[in-house]
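Presented below is the structure to which this report refers.
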Amino acid sequence: MYYNHNIVLVGPMGAGKSTIGRLLAAELGMIFFDSDREIEARCGTNIPWIFDVEGEEGFRQREIQVIDELLQSEEPVLIATGGGAITRKENRDVIGQLSTVVYLHTSVEQQLQRTAKDKNRPLLQNDNPRAILESLFEVRHPLYESSADLIIRTDKQTPKAVVKTIIKKL
Ligand code: S3P
């Protein structure tokens, strides 16, 4: 299948955005970007370092810039965004205007399993990652939902099956 429009994956940490994004882009013959990896490549450092030195706000400004730039590409692109990108109006506006938005929805349980011991997620370097994920979900779920053209659960099927479902619904 050929899809002639940008696709943006949104959803919480551990929803499978990068894995599913890579598989979906390969199926559709689209160029894949992971906004976190793109920010790291441009800074020549990792996300914890950016949070340490520039604070979350510094990271968010970089994220806004990268997502906007990638969506202006000449060819349609598929972008897996960081879980917090949805909190910024700039991002909600640009993804709404320039892409099909797919919300990868999953349970906090699944998020915990997928992000356990991951040192590259500064927001989870805390004694109680479950409480953090629950409170982020409460704030962000309505934003993911209202931005989404498609909502797909990722905790009930394998990544390959999720990709098939997305392709059917695009
Ligand atoms: C964040 C999610 C991370 C990354 C950063 C902040 C968030 O991306 O952008 O650590 O605010 O939820 P993933 O969703 O890819 O883990």
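All residue names refer to the structure tokens as shown: chains lettered A, B, ... in order, residues numbered from 1 in each chain, ligands numbered from 1 in order.
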
Can you pull out every residue within 9 Å of segment 55-61 of chain A, counting only C-alpha atoms, but drop anything in the same chain fewer than 5 positions away, and send it as a PDB file with N, CA and C atoms, in the first residue's frame?
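File produced: result07.pdb:
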```pdb
ATOM      1  N   ILE A  39      16.429  14.277  18.040  1.00  0.00           N
ATOM      2  CA  ILE A  39      16.894  15.338  18.953  1.00  0.00           C
ATOM      3  C   ILE A  39      18.291  14.978  19.459  1.00  0.00           C
ATOM      4  N   ILE A  47      19.062  12.109  25.956  1.00  0.00           N
ATOM      5  CA  ILE A  47      17.944  12.851  26.552  1.00  0.00           C
ATOM      6  C   ILE A  47      18.175  13.180  28.036  1.00  0.00           C
ATOM      7  N   ILE A  50      20.170  16.291  28.223  1.00  0.00           N
ATOM      8  CA  ILE A  50      19.421  17.502  27.832  1.00  0.00           C
ATOM      9  C   ILE A  50      18.514  17.939  28.991  1.00  0.00           C
ATOM     10  N   VAL A  66      12.005  20.026  16.091  1.00  0.00           N
ATOM     11  CA  VAL A  66      12.270  18.827  15.285  1.00  0.00           C
ATOM     12  C   VAL A  66      10.984  18.310  14.629  1.00  0.00           C
ATOM     13  N   GLY A  84       5.510  12.960  25.629  1.00  0.00           N
ATOM     14  CA  GLY A  84       5.065  14.254  26.132  1.00  0.00           C
ATOM     15  C   GLY A  84       4.854  15.313  25.058  1.00  0.00           C
ATOM     16  N   ALA A  85       5.116  14.941  23.804  1.00  0.00           N
ATOM     17  CA  ALA A  85       4.991  15.936  22.722  1.00  0.00           C
ATOM     18  C   ALA A  85       3.578  16.513  22.670  1.00  0.00           C
ATOM     19  N   ARG A  88       2.226  19.984  24.214  1.00  0.00           N
ATOM     20  CA  ARG A  88       2.484  21.321  23.669  1.00  0.00           C
ATOM     21  C   ARG A  88       1.530  21.636  22.520  1.00  0.00           C
TER      22      ARG A  88
END
```

Pick out the residues no farther than 9 Å from ligand 1, counting only C-alpha atoms and all ligand atoms, and list them as an mmCIF file with N, CA and C atoms, in the first residue's frame.
```
data_model
loop_
_atom_site.group_PDB
_atom_site.id
_atom_site.type_symbol
_atom_site.label_atom_id
_atom_site.label_comp_id
_atom_site.auth_asym_id
_atom_site.auth_seq_id
_atom_site.Cartn_x
_atom_site.Cartn_y
_atom_site.Cartn_z
ATOM 1 N N VAL A 10 1.457 8.912 18.311
ATOM 2 C CA VAL A 10 1.490 9.519 19.641
ATOM 3 C C VAL A 10 1.084 8.451 20.648
ATOM 4 N N GLY A 11 1.372 8.721 21.922
ATOM 5 C CA GLY A 11 1.017 7.765 22.972
ATOM 6 C C GLY A 11 2.108 7.766 24.029
ATOM 7 N N PRO A 12 1.829 7.108 25.138
ATOM 8 C CA PRO A 12 2.744 7.187 26.279
ATOM 9 C C PRO A 12 4.031 6.395 26.098
ATOM 10 N N MET A 13 4.974 6.648 26.983
ATOM 11 C CA MET A 13 6.216 5.871 27.034
ATOM 12 C C MET A 13 5.847 4.394 27.141
ATOM 13 N N GLY A 14 6.516 3.563 26.357
ATOM 14 C CA GLY A 14 6.271 2.121 26.459
ATOM 15 C C GLY A 14 5.052 1.633 25.692
ATOM 16 N N ALA A 15 4.472 2.482 24.833
ATOM 17 C CA ALA A 15 3.324 2.032 24.030
ATOM 18 C C ALA A 15 3.786 1.265 22.794
ATOM 19 N N GLY A 16 5.063 1.369 22.474
ATOM 20 C CA GLY A 16 5.591 0.660 21.301
ATOM 21 C C GLY A 16 5.702 1.545 20.067
ATOM 22 N N LYS A 17 5.764 2.857 20.271
ATOM 23 C CA LYS A 17 5.764 3.781 19.122
ATOM 24 C C LYS A 17 6.953 3.546 18.181
ATOM 25 N N SER A 18 8.136 3.336 18.759
ATOM 26 C CA SER A 18 9.327 3.183 17.900
ATOM 27 C C SER A 18 9.304 1.854 17.156
ATOM 28 N N ASP A 34 12.309 8.871 14.589
ATOM 29 C CA ASP A 34 11.916 8.830 15.989
ATOM 30 C C ASP A 34 12.350 10.193 16.531
ATOM 31 N N SER A 35 11.406 11.000 16.988
ATOM 32 C CA SER A 35 11.774 12.389 17.321
ATOM 33 C C SER A 35 12.820 12.437 18.446
ATOM 34 N N ASP A 36 12.752 11.494 19.397
ATOM 35 C CA ASP A 36 13.764 11.485 20.478
ATOM 36 C C ASP A 36 15.170 11.247 19.922
ATOM 37 N N ARG A 37 15.261 10.244 19.032
ATOM 38 C CA ARG A 37 16.596 9.915 18.460
ATOM 39 C C ARG A 37 17.099 11.074 17.591
ATOM 40 N N ILE A 47 19.062 12.109 25.956
ATOM 41 C CA ILE A 47 17.944 12.851 26.552
ATOM 42 C C ILE A 47 18.175 13.180 28.036
ATOM 43 N N PRO A 48 18.671 12.236 28.847
ATOM 44 C CA PRO A 48 18.920 12.606 30.252
ATOM 45 C C PRO A 48 19.849 13.821 30.382
ATOM 46 N N PHE A 51 17.820 16.980 29.624
ATOM 47 C CA PHE A 51 16.967 17.312 30.770
ATOM 48 C C PHE A 51 17.797 17.908 31.907
ATOM 49 N N GLU A 56 13.400 20.288 31.434
ATOM 50 C CA GLU A 56 12.389 19.728 30.524
ATOM 51 C C GLU A 56 11.996 20.763 29.474
ATOM 52 N N PHE A 59 14.241 20.717 26.528
ATOM 53 C CA PHE A 59 13.943 19.537 25.708
ATOM 54 C C PHE A 59 12.690 19.772 24.868
ATOM 55 N N ARG A 60 11.644 20.340 25.498
ATOM 56 C CA ARG A 60 10.378 20.555 24.767
ATOM 57 C C ARG A 60 10.559 21.512 23.588
ATOM 58 N N GLU A 63 12.063 19.615 20.882
ATOM 59 C CA GLU A 63 11.083 18.670 20.334
ATOM 60 C C GLU A 63 10.124 19.378 19.364
ATOM 61 N N ALA A 80 7.589 8.712 15.015
ATOM 62 C CA ALA A 80 7.233 8.286 16.367
ATOM 63 C C ALA A 80 7.644 9.431 17.281
ATOM 64 N N THR A 81 6.678 10.003 17.995
ATOM 65 C CA THR A 81 6.986 11.158 18.858
ATOM 66 C C THR A 81 7.179 10.702 20.303
ATOM 67 N N GLY A 82 7.847 11.524 21.098
ATOM 68 C CA GLY A 82 7.985 11.238 22.529
ATOM 69 C C GLY A 82 6.618 11.383 23.214
ATOM 70 N N GLY A 83 6.440 10.660 24.313
ATOM 71 C CA GLY A 83 5.145 10.631 24.985
ATOM 72 C C GLY A 83 4.611 11.987 25.433
ATOM 73 N N GLY A 84 5.510 12.960 25.629
ATOM 74 C CA GLY A 84 5.065 14.254 26.132
ATOM 75 C C GLY A 84 4.854 15.313 25.058
ATOM 76 N N ALA A 85 5.116 14.941 23.804
ATOM 77 C CA ALA A 85 4.991 15.936 22.722
ATOM 78 C C ALA A 85 3.578 16.513 22.670
ATOM 79 N N ILE A 86 2.612 15.677 22.996
ATOM 80 C CA ILE A 86 1.196 16.072 22.904
ATOM 81 C C ILE A 86 0.839 17.202 23.875
ATOM 82 N N THR A 87 1.672 17.423 24.905
ATOM 83 C CA THR A 87 1.347 18.445 25.906
ATOM 84 C C THR A 87 1.543 19.852 25.355
ATOM 85 N N THR A 115 9.203 -0.248 30.185
ATOM 86 C CA THR A 115 10.142 0.834 30.492
ATOM 87 C C THR A 115 10.978 0.540 31.733
ATOM 88 N N ASN A 120 17.139 5.836 30.130
ATOM 89 C CA ASN A 120 17.090 6.925 29.144
ATOM 90 C C ASN A 120 15.789 7.734 29.228
ATOM 91 N N ARG A 121 14.957 7.453 30.255
ATOM 92 C CA ARG A 121 13.700 8.207 30.383
ATOM 93 C C ARG A 121 13.720 8.970 31.716
ATOM 94 N N PRO A 122 14.184 10.216 31.683
ATOM 95 C CA PRO A 122 14.386 10.964 32.926
ATOM 96 C C PRO A 122 13.134 11.072 33.787
ATOM 97 N N LEU A 123 11.950 11.124 33.176
ATOM 98 C CA LEU A 123 10.737 11.301 33.979
ATOM 99 C C LEU A 123 10.434 10.078 34.841
ATOM 100 N N LEU A 124 11.076 8.941 34.527
ATOM 101 C CA LEU A 124 10.804 7.718 35.298
ATOM 102 C C LEU A 124 11.899 7.370 36.296
ATOM 103 N N LEU A 133 3.541 7.292 35.869
ATOM 104 C CA LEU A 133 2.860 6.915 34.619
ATOM 105 C C LEU A 133 1.359 7.112 34.735
ATOM 106 N N LEU A 136 0.659 10.901 34.555
ATOM 107 C CA LEU A 136 0.859 11.407 33.181
ATOM 108 C C LEU A 136 -0.307 10.962 32.297
#
```

Running DSSP on the backbone, which parts of chain A land in strand (DSSP E), as a ChimeraX atom specification? /A:6-10,31-34,77-80,99-105,150-153

Atomic separation - atom CA of Arg42 of chain A relative to atom CA of Gly29 of chain A, Å: 24.5 Å

Could you tell me how far atom CA of Asp93 of chain A lies from atom CA of Ile31 of chain A, in Å and to one decimal? 21.8 Å
